[in-house]
Each structure stands twice: as structure tokens, then as C-alpha cells.
Amino acid sequence: MLELEVKAALSDDALERLRHLDLSHIDRQIQVDTYYRHPCNDFVATDEALRIRRSEHKTTITYKGPRLSQVTKMREEHELMVNDFDEAHIIFRRLGFVEVASVEKTRERFERNGICIAIDDVRGLGRFIEVEMLLEDLTESAEEQVFSFLEEIGIDRKSTVRESYLELLSKTTRNSS
């Protein structure tokens, strides 16, 4: 499965426009994403990611492959639900994986016409919007659909960011040191 994702900082004006759209509310939850480094493979160099996500309702292990688009953050993504974060973490550690960092956010999710819209308040970064679609294969029309949605709430494609929250937090940490 491919995940097409576009992210941008969310201004008060864009949030107000978003609130006036006809969206289906999915949920609101706190998520903690714990990222891991492979013992023999530099995920930063290969542009991959491995994480365990904890939320109030479930725990998932997610692998994300290298970015496939120069415009969006489209990646191959595989996700597996597990019953217990602590046990999954122990298994990763026993296999030699090392915890890199955790990203904590409050996420409120909505849906419209197959597009998932998430309002994220990320600890240490602020408020963002992520607009996502799950696809079988890469299509330019899907990218245009996502950008059109953002433009509808006043977010220009030039203001979107391709970095993950982990990458953005790493930059913030380096700049404040």
C-alpha cells in the first residue's frame, strides 16, 4: 500500500475554514510514536522509518519505505496491529534495534471523499495539518486532489513540508543546541 501525505503548519485562519467544511469526524486521540534505528542499516540514509505507535485504542508497528515523490511524502507503508507496546519494544530491542526518539501528538481525524484529514498538535512543534490518501499506485490526480483540498482552506502548496515530525523535531533540537 502507498501512503500519499502532505503536511503544513496550520494557521488559525486555515483551521477556521476547515471547521466550516462538511467533514466526517473520525476520532481524537493522543499518539506516541517511538522510532527505531536498525543495527545494520542507516534508515536516515535509506529514507526509511520503523516505529511503534501507541494510542488510547491500539498499538501498531509501521514500516515506511523511501519517499517516491519529489512533491509529496508518498511512501510504501506497511502496518501491523499488536496487542502490547512493551512486548513489541522488548522484541525490537532483543533484535538489536535502538530507540531513536519519540514524537507525541494530539491528533483529531476527519474524512472527506477518501481523504483523511488530521489536525495534529505536536509537542515541541505546534499545530499542523496532514492530508492523506491510501493508494494502490502513484497517481498525479491523487496528489492534485490533496493539494486542492489544502488550497480550499487557504494553504498554498509551496508552504507544505515533506519532512516527518521526527525530522522537524531533530532540526529544532539541533538549532537550539
# chains A, B, ... in the order shown; residues from 1 in each chain; ligands from 1
call {"tool": "residues_around", "arguments": {"residues": "Phe85 (chain A)", "least_positions_apart": "2", "cutoff": "7 Å", "atoms": "only C-alpha atoms", "output": "ChimeraX atom specification"}}
result
/A:54,59,83,87-89
call {"tool": "write_last_selection", "arguments": {"atoms": "N, CA and C atoms", "output": "PDB file, in the first residue's frame"}}
result
ATOM      1  N   ARG A  54       1.692   4.136  19.835  1.00  0.00           N
ATOM      2  CA  ARG A  54       0.740   3.867  20.922  1.00  0.00           C
ATOM      3  C   ARG A  54      -0.331   4.938  20.907  1.00  0.00           C
ATOM      4  N   THR A  59      -2.183  -0.289  19.352  1.00  0.00           N
ATOM      5  CA  THR A  59      -0.741  -0.173  19.158  1.00  0.00           C
ATOM      6  C   THR A  59      -0.417  -0.778  17.799  1.00  0.00           C
ATOM      7  N   ASN A  83      -0.787  -6.278  20.262  1.00  0.00           N
ATOM      8  CA  ASN A  83      -1.554  -6.149  21.499  1.00  0.00           C
ATOM      9  C   ASN A  83      -0.835  -5.362  22.582  1.00  0.00           C
ATOM     10  N   GLU A  87       5.823  -5.314  24.959  1.00  0.00           N
ATOM     11  CA  GLU A  87       6.350  -6.563  24.385  1.00  0.00           C
ATOM     12  C   GLU A  87       6.970  -6.312  23.011  1.00  0.00           C
ATOM     13  N   ALA A  88       6.311  -5.487  22.184  1.00  0.00           N
ATOM     14  CA  ALA A  88       6.878  -5.165  20.864  1.00  0.00           C
ATOM     15  C   ALA A  88       8.220  -4.456  21.027  1.00  0.00           C
ATOM     16  N   HIS A  89       8.287  -3.528  21.975  1.00  0.00           N
ATOM     17  CA  HIS A  89       9.535  -2.805  22.243  1.00  0.00           C
ATOM     18  C   HIS A  89      10.641  -3.775  22.686  1.00  0.00           C
TER      19      HIS A  89
END
call {"tool": "closest_atom_pairs", "arguments": {"of": "region 78-163 of chain A", "to": "region 20-43 of chain A", "cutoff": "8 Å", "atoms": "only C-alpha atoms", "output": "Markdown table"}}
result
| residue | atom | partner | partner_atom | distance |
| --- | --- | --- | --- | --- |
| A:Gly96 | CA | A:Pro39 | CA | 5.7 |
| A:Phe97 | CA | A:His38 | CA | 5.1 |
| A:Val98 | CA | A:Arg37 | CA | 5.1 |
| A:Glu99 | CA | A:Tyr36 | CA | 4.4 |
| A:Val100 | CA | A:Tyr36 | CA | 5.2 |
| A:Ala101 | CA | A:Tyr35 | CA | 5.6 |
| A:Ser102 | CA | A:Thr34 | CA | 4.3 |
| A:Val103 | CA | A:Asp33 | CA | 5.1 |
| A:Glu104 | CA | A:Val32 | CA | 4.5 |
| A:Lys105 | CA | A:Gln31 | CA | 5.5 |
| A:Thr106 | CA | A:Ile30 | CA | 4.4 |
| A:Arg107 | CA | A:Gln29 | CA | 5.5 |
| A:Glu108 | CA | A:Arg28 | CA | 4.1 |
| A:Arg109 | CA | A:Ile26 | CA | 5.3 |
| A:Phe110 | CA | A:His25 | CA | 4.5 |
| A:Glu111 | CA | A:Ser24 | CA | 5.1 |
| A:Arg112 | CA | A:Leu23 | CA | 5.5 |
call {"tool": "closest_residue", "arguments": {"among": "A:Leu95, A:Val71, A:Met81, A:Ile153", "to": "Glu5 (chain A)", "atoms": "only C-alpha atoms"}}
result
A:Val71
call {"tool": "select_by_dssp", "arguments": {"residues": "region 4-177 of chain A", "states": "alpha helix (DSSP H)", "output": "PyMOL selection string"}}
result
chain A and resi 12-19+43-46+85-94+140-152+165-176
call {"tool": "closest_atom_pairs", "arguments": {"of": "region 45-116 of chain A", "to": "region 131-148 of chain A", "cutoff": "8 Å", "atoms": "only C-alpha atoms", "output": "JSON lines"}}
result
{"residue": "A:Thr72", "atom": "CA", "partner": "A:Glu143", "partner_atom": "CA", "distance": 7.4}
{"residue": "A:Gly114", "atom": "CA", "partner": "A:Met133", "partner_atom": "CA", "distance": 6.7}
{"residue": "A:Ile115", "atom": "CA", "partner": "A:Met133", "partner_atom": "CA", "distance": 5.3}
{"residue": "A:Cys116", "atom": "CA", "partner": "A:Glu132", "partner_atom": "CA", "distance": 5.1}
call {"tool": "select_by_dssp", "arguments": {"residues": "chain A", "states": "strand (DSSP E or B)", "output": "PyMOL selection string"}}
result
chain A and resi 2-9+24-37+49-55+59-67+75-82+98-112+115-122+126-135+160-161
call {"tool": "write_last_selection", "arguments": {"atoms": "C-alpha atoms", "output": "mmCIF file, in the first residue's frame"}}
result
data_model
loop_
_atom_site.group_PDB
_atom_site.id
_atom_site.type_symbol
_atom_site.label_atom_id
_atom_site.label_comp_id
_atom_site.auth_asym_id
_atom_site.auth_seq_id
_atom_site.Cartn_x
_atom_site.Cartn_y
_atom_site.Cartn_z
ATOM 1 C CA LEU A 2 1.155 3.556 -0.712
ATOM 2 C CA GLU A 3 0.506 6.458 1.607
ATOM 3 C CA LEU A 4 0.261 9.885 -0.007
ATOM 4 C CA GLU A 5 0.749 12.542 2.658
ATOM 5 C CA VAL A 6 1.006 16.305 2.549
ATOM 6 C CA LYS A 7 1.696 18.295 5.704
ATOM 7 C CA ALA A 8 1.691 22.004 6.554
ATOM 8 C CA ALA A 9 1.661 24.269 9.564
ATOM 9 C CA SER A 24 -16.940 13.328 8.893
ATOM 10 C CA HIS A 25 -15.320 13.250 12.321
ATOM 11 C CA ILE A 26 -13.371 10.020 12.969
ATOM 12 C CA ASP A 27 -11.733 10.450 16.375
ATOM 13 C CA ARG A 28 -9.444 12.426 18.648
ATOM 14 C CA GLN A 29 -6.581 10.732 20.454
ATOM 15 C CA ILE A 30 -3.120 11.103 21.882
ATOM 16 C CA GLN A 31 -0.479 9.214 19.887
ATOM 17 C CA VAL A 32 3.100 8.471 20.857
ATOM 18 C CA ASP A 33 5.344 7.319 18.004
ATOM 19 C CA THR A 34 8.575 5.631 19.050
ATOM 20 C CA TYR A 35 11.115 5.395 16.212
ATOM 21 C CA TYR A 36 13.888 2.829 15.955
ATOM 22 C CA ARG A 37 17.291 2.600 14.290
ATOM 23 C CA ALA A 49 11.311 4.525 9.077
ATOM 24 C CA LEU A 50 10.263 1.930 11.625
ATOM 25 C CA ARG A 51 8.052 2.885 14.532
ATOM 26 C CA ILE A 52 5.682 1.636 17.176
ATOM 27 C CA ARG A 53 2.650 3.895 17.641
ATOM 28 C CA ARG A 54 0.740 3.867 20.922
ATOM 29 C CA SER A 55 -2.681 5.429 21.204
ATOM 30 C CA THR A 59 -0.741 -0.173 19.158
ATOM 31 C CA THR A 60 0.727 -0.563 15.670
ATOM 32 C CA ILE A 61 4.112 -1.318 14.173
ATOM 33 C CA THR A 62 4.702 0.637 10.966
ATOM 34 C CA TYR A 63 7.400 0.379 8.291
ATOM 35 C CA LYS A 64 7.693 3.294 5.844
ATOM 36 C CA GLY A 65 9.810 2.985 2.717
ATOM 37 C CA PRO A 66 11.735 5.724 0.906
ATOM 38 C CA ARG A 67 9.828 8.710 -0.490
ATOM 39 C CA ARG A 75 5.856 6.171 0.610
ATOM 40 C CA GLU A 76 5.252 2.469 0.695
ATOM 41 C CA GLU A 77 3.706 1.742 4.087
ATOM 42 C CA HIS A 78 3.035 -1.498 5.944
ATOM 43 C CA GLU A 79 1.270 -1.549 9.275
ATOM 44 C CA LEU A 80 0.581 -4.311 11.779
ATOM 45 C CA MET A 81 -1.562 -4.132 14.918
ATOM 46 C CA VAL A 82 -0.043 -5.593 18.078
ATOM 47 C CA VAL A 98 17.744 1.014 19.142
ATOM 48 C CA GLU A 99 15.146 3.584 20.143
ATOM 49 C CA VAL A 100 15.930 6.881 18.397
ATOM 50 C CA ALA A 101 13.225 9.245 19.641
ATOM 51 C CA SER A 102 9.543 9.590 20.388
ATOM 52 C CA VAL A 103 7.048 12.036 18.933
ATOM 53 C CA GLU A 104 3.938 12.843 20.958
ATOM 54 C CA LYS A 105 0.895 14.475 19.438
ATOM 55 C CA THR A 106 -2.793 15.003 19.938
ATOM 56 C CA ARG A 107 -4.484 14.056 16.667
ATOM 57 C CA GLU A 108 -8.027 14.788 15.574
ATOM 58 C CA ARG A 109 -9.022 12.976 12.393
ATOM 59 C CA PHE A 110 -11.687 13.703 9.792
ATOM 60 C CA GLU A 111 -12.599 12.181 6.421
ATOM 61 C CA ARG A 112 -13.991 13.521 3.166
ATOM 62 C CA ILE A 115 -9.148 11.799 2.041
ATOM 63 C CA CYS A 116 -8.093 11.575 5.690
ATOM 64 C CA ILE A 117 -7.503 14.951 7.337
ATOM 65 C CA ALA A 118 -5.591 15.097 10.622
ATOM 66 C CA ILE A 119 -5.138 18.120 12.840
ATOM 67 C CA ASP A 120 -2.021 17.446 14.875
ATOM 68 C CA ASP A 121 -0.788 19.349 17.900
ATOM 69 C CA VAL A 122 2.791 18.063 18.098
ATOM 70 C CA GLY A 126 2.984 23.215 17.239
ATOM 71 C CA ARG A 127 -0.126 22.657 15.148
ATOM 72 C CA PHE A 128 -0.093 21.003 11.712
ATOM 73 C CA ILE A 129 -2.497 19.554 9.217
ATOM 74 C CA GLU A 130 -1.793 16.261 7.470
ATOM 75 C CA VAL A 131 -3.856 15.290 4.466
ATOM 76 C CA GLU A 132 -3.506 11.625 3.484
ATOM 77 C CA MET A 133 -4.752 9.109 0.977
ATOM 78 C CA LEU A 134 -4.010 5.382 0.776
ATOM 79 C CA LEU A 135 -3.397 4.227 -2.792
ATOM 80 C CA THR A 160 3.834 22.326 2.645
ATOM 81 C CA VAL A 161 6.680 20.348 4.208
#
call {"tool": "closest_residue", "arguments": {"among": "A:Asp12, A:Leu68, A:Leu18, A:Glu152", "to": "Asp47 (chain A)", "atoms": "only C-alpha atoms"}}
result
A:Leu68
call {"tool": "atom_distance", "arguments": {"atom1": "CA of Met1 (chain A)", "atom2": "CA of Thr46 (chain A)"}}
result
18.8 Å
call {"tool": "residues_around", "arguments": {"residues": "Lys171 (chain A)", "least_positions_apart": "6", "cutoff": "12 Å", "atoms": "only C-alpha atoms", "output": "JSON, numbers by chain"}}
result
{"A": [124, 125, 163, 164, 165, 177]}
call {"tool": "atom_distance", "arguments": {"atom1": "CA of Phe149 (chain A)", "atom2": "CA of Asn113 (chain A)"}}
result
10.6 Å
call {"tool": "atom_distance", "arguments": {"atom1": "CA of Val44 (chain A)", "atom2": "CA of Asp86 (chain A)"}}
result
24.7 Å
